[in-house]
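In what follows, a structure is listed as structure tokens, so that the remarks can point back to it.
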Amino acid sequence: GQSLEQPSEVTAVEGAIVQINCTYQTSGFYGLSWYQQHDGGAPTFLSYNALDGLEETGRFSSFLSRSDSYGYLLLQELQMKDSASYFCAVLNQAGTALIFGKGTTLSVSS
Amino acid sequence: ETGVTQTPRHLVMGMTNKKSLKCEQHLGHNAMYWYKQSAKKPLELMFVYSLEERVENNSVPSRFSPECPNSSHLFLHLHTLQPEDSALYLCASSQDDQANYGYTFGSGTRLTVV
């Protein structure tokens, strides 16, 4: 079957750096996606990694190691507004839709 | 506004009621999805439509019935639901061949079954 594992909660202070890990089990792997969801809001797309390595987009970066079935989302210079849930996702075995991890709730304090 | 609009935002219904959730997108996407989000559980895929054809029905009980009349609209018809069906129902859309590159989600319908 397919599964994604990520920590349920992470806490940090403003200005800090935090890393949210995701390990996955799947066949026919195409890439790893990350989504952000604020409380009561819609999940929004953050990043996608198809190849090994680090992709940087502003304060957020995402990393993938296909050989380790592992990726992470790196958030730098944390701000209060980064408090949200973060989900990793991969395509299902049929290749028709994304399946998501349970999500990591990030709490940023001042 | 995310580009995908879901109505209603909140819905309370009895177990014997029939109601429908609506999703609308004008992003030119040709694939649409229904997900269920319960507390402490991952987003659960329910249905996938590509070019208005249902391509996946993820073992969803028949009390949930999807409808996709055109590429811009998606409905989820509900009847004789159970209290455990209370959840946030999210609609998403994407370009079919770029599902891995980014979904656009609606803000969801918060459903409470009493």
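Lettering and numbering for the structure tokens are positional, with chains as A, B, ... in the shown order, residues counted from 1 in each chain, and ligands counted from 1 in the shown order.
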Starting from chain B, keep only residues with some atom at most 12 Å from an atom of chain A, counting only C-alpha atoms, and report them as number ranges by chain. B: 1-6, 9-10, 31-50, 54-58, 88-110
From chain B, collect each residue whose DSSP state is strand (DSSP E or B) and return the set as a PDB file with C-alpha atoms, in the first residue's frame.
ATOM      1  CA  VAL B   4     -12.342  27.290  -6.491  1.00  0.00           C
ATOM      2  CA  THR B   5     -15.607  28.196  -4.789  1.00  0.00           C
ATOM      3  CA  GLN B   6     -17.518  25.829  -2.558  1.00  0.00           C
ATOM      4  CA  THR B   7     -21.024  26.332  -1.230  1.00  0.00           C
ATOM      5  CA  HIS B  10     -21.382  25.320   6.618  1.00  0.00           C
ATOM      6  CA  LEU B  11     -24.146  22.727   6.597  1.00  0.00           C
ATOM      7  CA  VAL B  12     -26.045  21.020   9.390  1.00  0.00           C
ATOM      8  CA  MET B  13     -28.279  18.171   8.329  1.00  0.00           C
ATOM      9  CA  LYS B  18     -30.904  15.062   1.365  1.00  0.00           C
ATOM     10  CA  LYS B  19     -28.529  17.893   0.550  1.00  0.00           C
ATOM     11  CA  SER B  20     -25.946  18.769  -2.075  1.00  0.00           C
ATOM     12  CA  LEU B  21     -22.526  20.376  -1.918  1.00  0.00           C
ATOM     13  CA  LYS B  22     -21.438  22.508  -4.849  1.00  0.00           C
ATOM     14  CA  CYS B  23     -17.981  23.241  -6.224  1.00  0.00           C
ATOM     15  CA  GLU B  24     -17.173  25.652  -9.047  1.00  0.00           C
ATOM     16  CA  GLN B  25     -13.888  26.505 -10.752  1.00  0.00           C
ATOM     17  CA  ALA B  31      -9.812  17.480 -13.387  1.00  0.00           C
ATOM     18  CA  MET B  32     -11.790  17.870 -10.164  1.00  0.00           C
ATOM     19  CA  TYR B  33     -11.664  16.021  -6.869  1.00  0.00           C
ATOM     20  CA  TRP B  34     -13.611  15.529  -3.646  1.00  0.00           C
ATOM     21  CA  TYR B  35     -11.675  14.984  -0.409  1.00  0.00           C
ATOM     22  CA  LYS B  36     -12.935  14.426   3.138  1.00  0.00           C
ATOM     23  CA  GLN B  37     -10.958  15.944   6.010  1.00  0.00           C
ATOM     24  CA  GLU B  44      -9.136  11.180   2.274  1.00  0.00           C
ATOM     25  CA  LEU B  45      -9.672  10.986  -1.466  1.00  0.00           C
ATOM     26  CA  MET B  46     -13.316  10.313  -2.339  1.00  0.00           C
ATOM     27  CA  PHE B  47     -13.840  10.897  -6.061  1.00  0.00           C
ATOM     28  CA  VAL B  48     -11.847  11.968  -9.101  1.00  0.00           C
ATOM     29  CA  TYR B  49     -13.270  13.386 -12.319  1.00  0.00           C
ATOM     30  CA  SER B  50     -11.147  13.921 -15.402  1.00  0.00           C
ATOM     31  CA  GLU B  53     -15.650  11.317 -16.502  1.00  0.00           C
ATOM     32  CA  ARG B  54     -15.373   9.670 -13.111  1.00  0.00           C
ATOM     33  CA  VAL B  55     -11.988   7.957 -13.020  1.00  0.00           C
ATOM     34  CA  GLU B  56     -11.872   6.989  -9.380  1.00  0.00           C
ATOM     35  CA  ASN B  57     -14.349   6.090  -6.708  1.00  0.00           C
ATOM     36  CA  PHE B  64     -22.367   9.975  -1.227  1.00  0.00           C
ATOM     37  CA  SER B  65     -23.136  10.512  -4.917  1.00  0.00           C
ATOM     38  CA  PRO B  66     -20.971  12.772  -7.095  1.00  0.00           C
ATOM     39  CA  GLU B  67     -22.030  14.575 -10.233  1.00  0.00           C
ATOM     40  CA  CYS B  68     -19.903  16.478 -12.743  1.00  0.00           C
ATOM     41  CA  PRO B  69     -22.170  18.129 -15.351  1.00  0.00           C
ATOM     42  CA  ASN B  70     -19.295  20.043 -16.978  1.00  0.00           C
ATOM     43  CA  HIS B  73     -18.849  22.271 -11.766  1.00  0.00           C
ATOM     44  CA  LEU B  74     -18.797  19.384  -9.340  1.00  0.00           C
ATOM     45  CA  PHE B  75     -21.500  18.326  -6.917  1.00  0.00           C
ATOM     46  CA  LEU B  76     -21.633  15.918  -4.015  1.00  0.00           C
ATOM     47  CA  HIS B  77     -25.144  14.713  -3.271  1.00  0.00           C
ATOM     48  CA  LEU B  78     -25.723  13.519   0.269  1.00  0.00           C
ATOM     49  CA  HIS B  79     -28.501  11.328   1.644  1.00  0.00           C
ATOM     50  CA  ALA B  87     -16.218  16.503   8.443  1.00  0.00           C
ATOM     51  CA  LEU B  88     -14.789  19.195   6.181  1.00  0.00           C
ATOM     52  CA  TYR B  89     -15.431  18.332   2.538  1.00  0.00           C
ATOM     53  CA  LEU B  90     -12.876  19.844   0.205  1.00  0.00           C
ATOM     54  CA  CYS B  91     -13.073  20.226  -3.539  1.00  0.00           C
ATOM     55  CA  ALA B  92      -9.946  20.674  -5.654  1.00  0.00           C
ATOM     56  CA  SER B  93      -9.105  21.109  -9.309  1.00  0.00           C
ATOM     57  CA  SER B  94      -6.006  20.702 -11.457  1.00  0.00           C
ATOM     58  CA  THR B 104      -6.217  24.462  -6.204  1.00  0.00           C
ATOM     59  CA  PHE B 105      -8.508  23.755  -3.274  1.00  0.00           C
ATOM     60  CA  THR B 109     -17.937  22.810   3.362  1.00  0.00           C
ATOM     61  CA  ARG B 110     -18.042  22.077   7.091  1.00  0.00           C
ATOM     62  CA  LEU B 111     -20.707  19.375   7.411  1.00  0.00           C
ATOM     63  CA  THR B 112     -22.323  18.389  10.668  1.00  0.00           C
ATOM     64  CA  VAL B 113     -24.707  15.421  10.703  1.00  0.00           C
TER      65      VAL B 113
END
